[in-house]
Amino acid sequence: MSETSPPPIDVKSAVRSFMAHSEGALATYVEACLHCGQCAEACHFYVASGDPRHTPAYKLFPIAKAWRHQKFPLSWLGFAPAITEADLRDWEELLFDSCTMCGRCTMVCPMGIDIAAIVGVARQGFVKAGLGPADLLAAADASRDHGSPLGVTAEKLAERLDWIADEFDTKIHLDRSPAEVLLTVSSIELMKYPDSVAAMAKLLNHAGVDWTLSSTGYEATNFGYLAGKPDIAKLMVARVNEAARAVGASIVIVPECGHAYGVLRWSAANMLGHALPYEVLHITEYLARLKREGKFRFSPMAESITFHDPCQIARRGGATNDARELLDGFATDFREMTPAGNDGWCCGGGGGVQAIGRAAPLRHKVFRIKMDQVEQTGAATMVSSCSNCRLTMDESKAHWKWDGGLASLVDLLARHLIEDKAA
Ligand code: SF4
Ligand code: SF4
């Protein structure tokens, strides 16, 4: 049977997977949750749908049930019934389609419960049971088998980069060694937003950075992590790690992709079992550093813009101010949304939800929150630093026939770059 057609439900494997994490985050949830409901209004899925099943705490019910059955001393008397196949089938859609692992609920939870992390762990149990959205699982398998979720092999990468260099009139370095900086890309950018790839190349070239892409470790996205397949998650991280070591990079740049940043920046060392001998920086962090060093000047942009904070870069990543540093003095009519920054609303497509076709109607509902926010600012264009957010928002924009503008931050910067160096 192929990976894309899941085997029959295996409840025991799911429980084993849940329990493998029970001494950490899972136990915290089961013991600490007050069932106060404060997290409900923080979740864009609940706010958009009004469905009580979309409240954050509710999504964790099957894991809590499995945990209590295993740990409760009198479970054999029926006080803590076992999790069933029906439970797993009921909650599969909630765990995958209605949690973007954005972490907004944790900001309001009085117990500080990291529901996003627990959802990530829970997904592994569902996959062990033979559940999980076929399209998301297929994206993970394509990453393992072909190097990227969209099937961009090393050969296709070289062809695509040649085309981008020609089309956007820039120089792109592939397999240059040694190199101080290893740049990674998202295949979403490669195939749908090549302007972002060209923009990164233009900006790095302009600043005189010694950089390269690698045909053995180019894909920044990690669908293994999103799909609950930790073996594939580790493989994707290992490819980038080996490529960085091979060229002797002291910095690895994550492109405009939120979850790629979270995985490479915060989880990679634990996955690999050793510290990383290089810095991992989001492209906006690195560009802000170069700007502080006087490497860029940008012509002013008068068009009104607002900025969408990708959850994994801002709230869960800590790189909230870098985008604003880059916009400072350049975007002369910048209008902040309310809320924004660490409190910002998710686009609705993070956590792999963008890749789940059946989740599209729910994603579109969620995007209305963002549309309303942008309209309240009156800004003509919403800028983001994540291609997955951009894709999610482009699709929902088309669904609602919304006339608001959407743009990539690095692309805007490259378009306004003043070619003669400041210093
Ligand atoms: S992590 Fe985000 S999407 Fe998931 S339950 Fe919490 S607020 Fe909702
Ligand atoms: S806010 Fe925290 S404690 Fe309250 S219901 Fe949600 S997860 Fe439980």
# chains A, B, ... in the order shown; residues from 1 in each chain; ligands from 1
$ closest_atom_pairs --of "stretch 110-169 of chain A" --to "stretch 346-361 of chain A" --cutoff "10 Å" --atoms "only C-alpha atoms" --output "JSON lines"
{"residue": "A:Ala116", "atom": "CA", "partner": "A:Gly351", "partner_atom": "CA", "distance": 9.0}
{"residue": "A:Val119", "atom": "CA", "partner": "A:Gly351", "partner_atom": "CA", "distance": 9.8}
{"residue": "A:Gly120", "atom": "CA", "partner": "A:Gly351", "partner_atom": "CA", "distance": 8.6}
{"residue": "A:Gly132", "atom": "CA", "partner": "A:Ile356", "partner_atom": "CA", "distance": 9.8}
{"residue": "A:Pro133", "atom": "CA", "partner": "A:Ile356", "partner_atom": "CA", "distance": 6.5}
{"residue": "A:Ala134", "atom": "CA", "partner": "A:Ile356", "partner_atom": "CA", "distance": 8.1}
{"residue": "A:Asp135", "atom": "CA", "partner": "A:Ile356", "partner_atom": "CA", "distance": 5.9}
{"residue": "A:Leu136", "atom": "CA", "partner": "A:Ala355", "partner_atom": "CA", "distance": 5.6}
{"residue": "A:Leu137", "atom": "CA", "partner": "A:Ala355", "partner_atom": "CA", "distance": 9.3}
{"residue": "A:Ala138", "atom": "CA", "partner": "A:Ala355", "partner_atom": "CA", "distance": 9.7}
{"residue": "A:Ala139", "atom": "CA", "partner": "A:Ala355", "partner_atom": "CA", "distance": 7.8}
{"residue": "A:Pro149", "atom": "CA", "partner": "A:Ala355", "partner_atom": "CA", "distance": 9.8}
$ select_by_dssp --residues "stretch 94-291 of chain A" --states "helix (DSSP H, G or I)" --output "ChimeraX atom specification"
/A:94-97,104-108,115-128,134-146,154-167,187-192,194-206,223-226,230-247,258-272,283-291
$ atom_distance --atom1 "atom CA of A:Tyr261" --atom2 "atom CA of A:Thr100"
14.8 Å
$ closest_atom_pairs --of "chain A" --to "ligand 1" --cutoff "6 Å" --atoms "only C-alpha atoms and all ligand atoms" --output "JSON lines"
{"residue": "A:Ala42", "atom": "CA", "partner": "ligand 1", "partner_atom_place_in_ligand_line": "7 (S)", "distance": 5.5}
{"residue": "A:Cys43", "atom": "CA", "partner": "ligand 1", "partner_atom_place_in_ligand_line": "7 (S)", "distance": 3.6}
{"residue": "A:Pro56", "atom": "CA", "partner": "ligand 1", "partner_atom_place_in_ligand_line": "5 (S)", "distance": 3.8}
{"residue": "A:Cys99", "atom": "CA", "partner": "ligand 1", "partner_atom_place_in_ligand_line": "3 (S)", "distance": 3.6}
{"residue": "A:Thr100", "atom": "CA", "partner": "ligand 1", "partner_atom_place_in_ligand_line": "3 (S)", "distance": 4.3}
{"residue": "A:Met101", "atom": "CA", "partner": "ligand 1", "partner_atom_place_in_ligand_line": "1 (S)", "distance": 3.9}
{"residue": "A:Cys102", "atom": "CA", "partner": "ligand 1", "partner_atom_place_in_ligand_line": "2 (Fe)", "distance": 3.9}
{"residue": "A:Gly103", "atom": "CA", "partner": "ligand 1", "partner_atom_place_in_ligand_line": "1 (S)", "distance": 4.0}
{"residue": "A:Arg104", "atom": "CA", "partner": "ligand 1", "partner_atom_place_in_ligand_line": "7 (S)", "distance": 4.4}
{"residue": "A:Cys105", "atom": "CA", "partner": "ligand 1", "partner_atom_place_in_ligand_line": "7 (S)", "distance": 4.2}
{"residue": "A:Ile115", "atom": "CA", "partner": "ligand 1", "partner_atom_place_in_ligand_line": "1 (S)", "distance": 5.7}
{"residue": "A:Ala116", "atom": "CA", "partner": "ligand 1", "partner_atom_place_in_ligand_line": "1 (S)", "distance": 4.2}
$ write_last_selection --atoms "N, CA and C atoms" --output "PDB file, in the first residue's frame"
ATOM      1  N   ALA A  42      -9.091  33.501  21.061  1.00  0.00           N
ATOM      2  CA  ALA A  42      -7.763  33.773  20.491  1.00  0.00           C
ATOM      3  C   ALA A  42      -7.551  33.000  19.192  1.00  0.00           C
ATOM      4  N   CYS A  43      -8.389  32.005  18.953  1.00  0.00           N
ATOM      5  CA  CYS A  43      -8.177  31.127  17.785  1.00  0.00           C
ATOM      6  C   CYS A  43      -8.996  31.611  16.596  1.00  0.00           C
ATOM      7  N   PRO A  56      -9.395  25.898  20.966  1.00  0.00           N
ATOM      8  CA  PRO A  56      -8.104  25.201  21.108  1.00  0.00           C
ATOM      9  C   PRO A  56      -8.135  24.018  22.067  1.00  0.00           C
ATOM     10  N   CYS A  99      -5.982  23.707  12.931  1.00  0.00           N
ATOM     11  CA  CYS A  99      -4.936  24.279  13.790  1.00  0.00           C
ATOM     12  C   CYS A  99      -3.727  24.585  12.914  1.00  0.00           C
ATOM     13  N   THR A 100      -3.376  25.840  12.863  1.00  0.00           N
ATOM     14  CA  THR A 100      -2.201  26.255  12.087  1.00  0.00           C
ATOM     15  C   THR A 100      -0.954  26.308  12.956  1.00  0.00           C
ATOM     16  N   MET A 101      -1.068  25.820  14.170  1.00  0.00           N
ATOM     17  CA  MET A 101       0.057  25.810  15.119  1.00  0.00           C
ATOM     18  C   MET A 101       0.644  27.215  15.284  1.00  0.00           C
ATOM     19  N   CYS A 102      -0.289  28.191  15.331  1.00  0.00           N
ATOM     20  CA  CYS A 102       0.132  29.597  15.333  1.00  0.00           C
ATOM     21  C   CYS A 102       0.554  30.091  16.714  1.00  0.00           C
ATOM     22  N   GLY A 103       0.107  29.412  17.761  1.00  0.00           N
ATOM     23  CA  GLY A 103       0.521  29.784  19.114  1.00  0.00           C
ATOM     24  C   GLY A 103      -0.234  30.958  19.722  1.00  0.00           C
ATOM     25  N   ARG A 104      -1.270  31.443  19.044  1.00  0.00           N
ATOM     26  CA  ARG A 104      -1.974  32.615  19.579  1.00  0.00           C
ATOM     27  C   ARG A 104      -2.730  32.269  20.862  1.00  0.00           C
ATOM     28  N   CYS A 105      -3.225  31.031  20.939  1.00  0.00           N
ATOM     29  CA  CYS A 105      -3.970  30.621  22.133  1.00  0.00           C
ATOM     30  C   CYS A 105      -3.072  30.614  23.373  1.00  0.00           C
ATOM     31  N   ILE A 115      -0.385  24.752  23.130  1.00  0.00           N
ATOM     32  CA  ILE A 115      -1.289  23.878  22.383  1.00  0.00           C
ATOM     33  C   ILE A 115      -0.731  23.570  20.994  1.00  0.00           C
ATOM     34  N   ALA A 116      -0.077  24.552  20.382  1.00  0.00           N
ATOM     35  CA  ALA A 116       0.485  24.323  19.042  1.00  0.00           C
ATOM     36  C   ALA A 116       1.475  23.161  19.051  1.00  0.00           C
TER      37      ALA A 116
END
$ residues_around --residues "A:Thr284" --least-positions-apart "5" --cutoff "12 Å" --atoms "only C-alpha atoms" --output "ChimeraX atom specification"
/A:200,203-204,253-258,261,289-291,309-310,313-314,318-327,384-386,408-411,413
$ residues_near_ligand --ligand "ligand 2" --cutoff "8 Å" --atoms "only C-alpha atoms and all ligand atoms" --output "tab-separated table (two decimals) with C-alpha atoms, in the first residue's frame"
chain	number	residue	atom	x	y	z
A	29	TYR	CA	-2.01	19.84	29.27
A	32	ALA	CA	-2.94	22.00	33.96
A	33	CYS	CA	-5.88	22.91	31.71
A	34	LEU	CA	-8.52	24.73	33.74
A	35	HIS	CA	-11.15	24.38	31.01
A	36	CYS	CA	-11.64	28.11	31.41
A	37	GLY	CA	-12.23	28.66	27.70
A	38	GLN	CA	-10.10	31.80	27.50
A	39	CYS	CA	-8.26	30.38	24.49
A	40	ALA	CA	-11.42	30.22	22.35
A	55	THR	CA	-11.75	26.01	20.38
A	56	PRO	CA	-8.10	25.20	21.11
A	57	ALA	CA	-8.64	23.11	24.24
A	105	CYS	CA	-3.97	30.62	22.13
A	106	THR	CA	-0.89	30.21	24.32
A	108	VAL	CA	-3.91	34.12	26.52
A	109	CYS	CA	-3.87	30.77	28.33
A	110	PRO	CA	-3.46	31.44	32.08
A	111	MET	CA	-1.51	28.18	32.35
A	112	GLY	CA	0.71	28.95	29.36
A	113	ILE	CA	-0.17	25.67	27.67
A	115	ILE	CA	-1.29	23.88	22.38
$ atom_distance --atom1 "atom CA of A:Asp141" --atom2 "atom CA of A:Glu85"
24.9 Å
$ atom_distance --atom1 "atom CA of A:Ala331" --atom2 "atom CA of A:Glu375"
18.1 Å
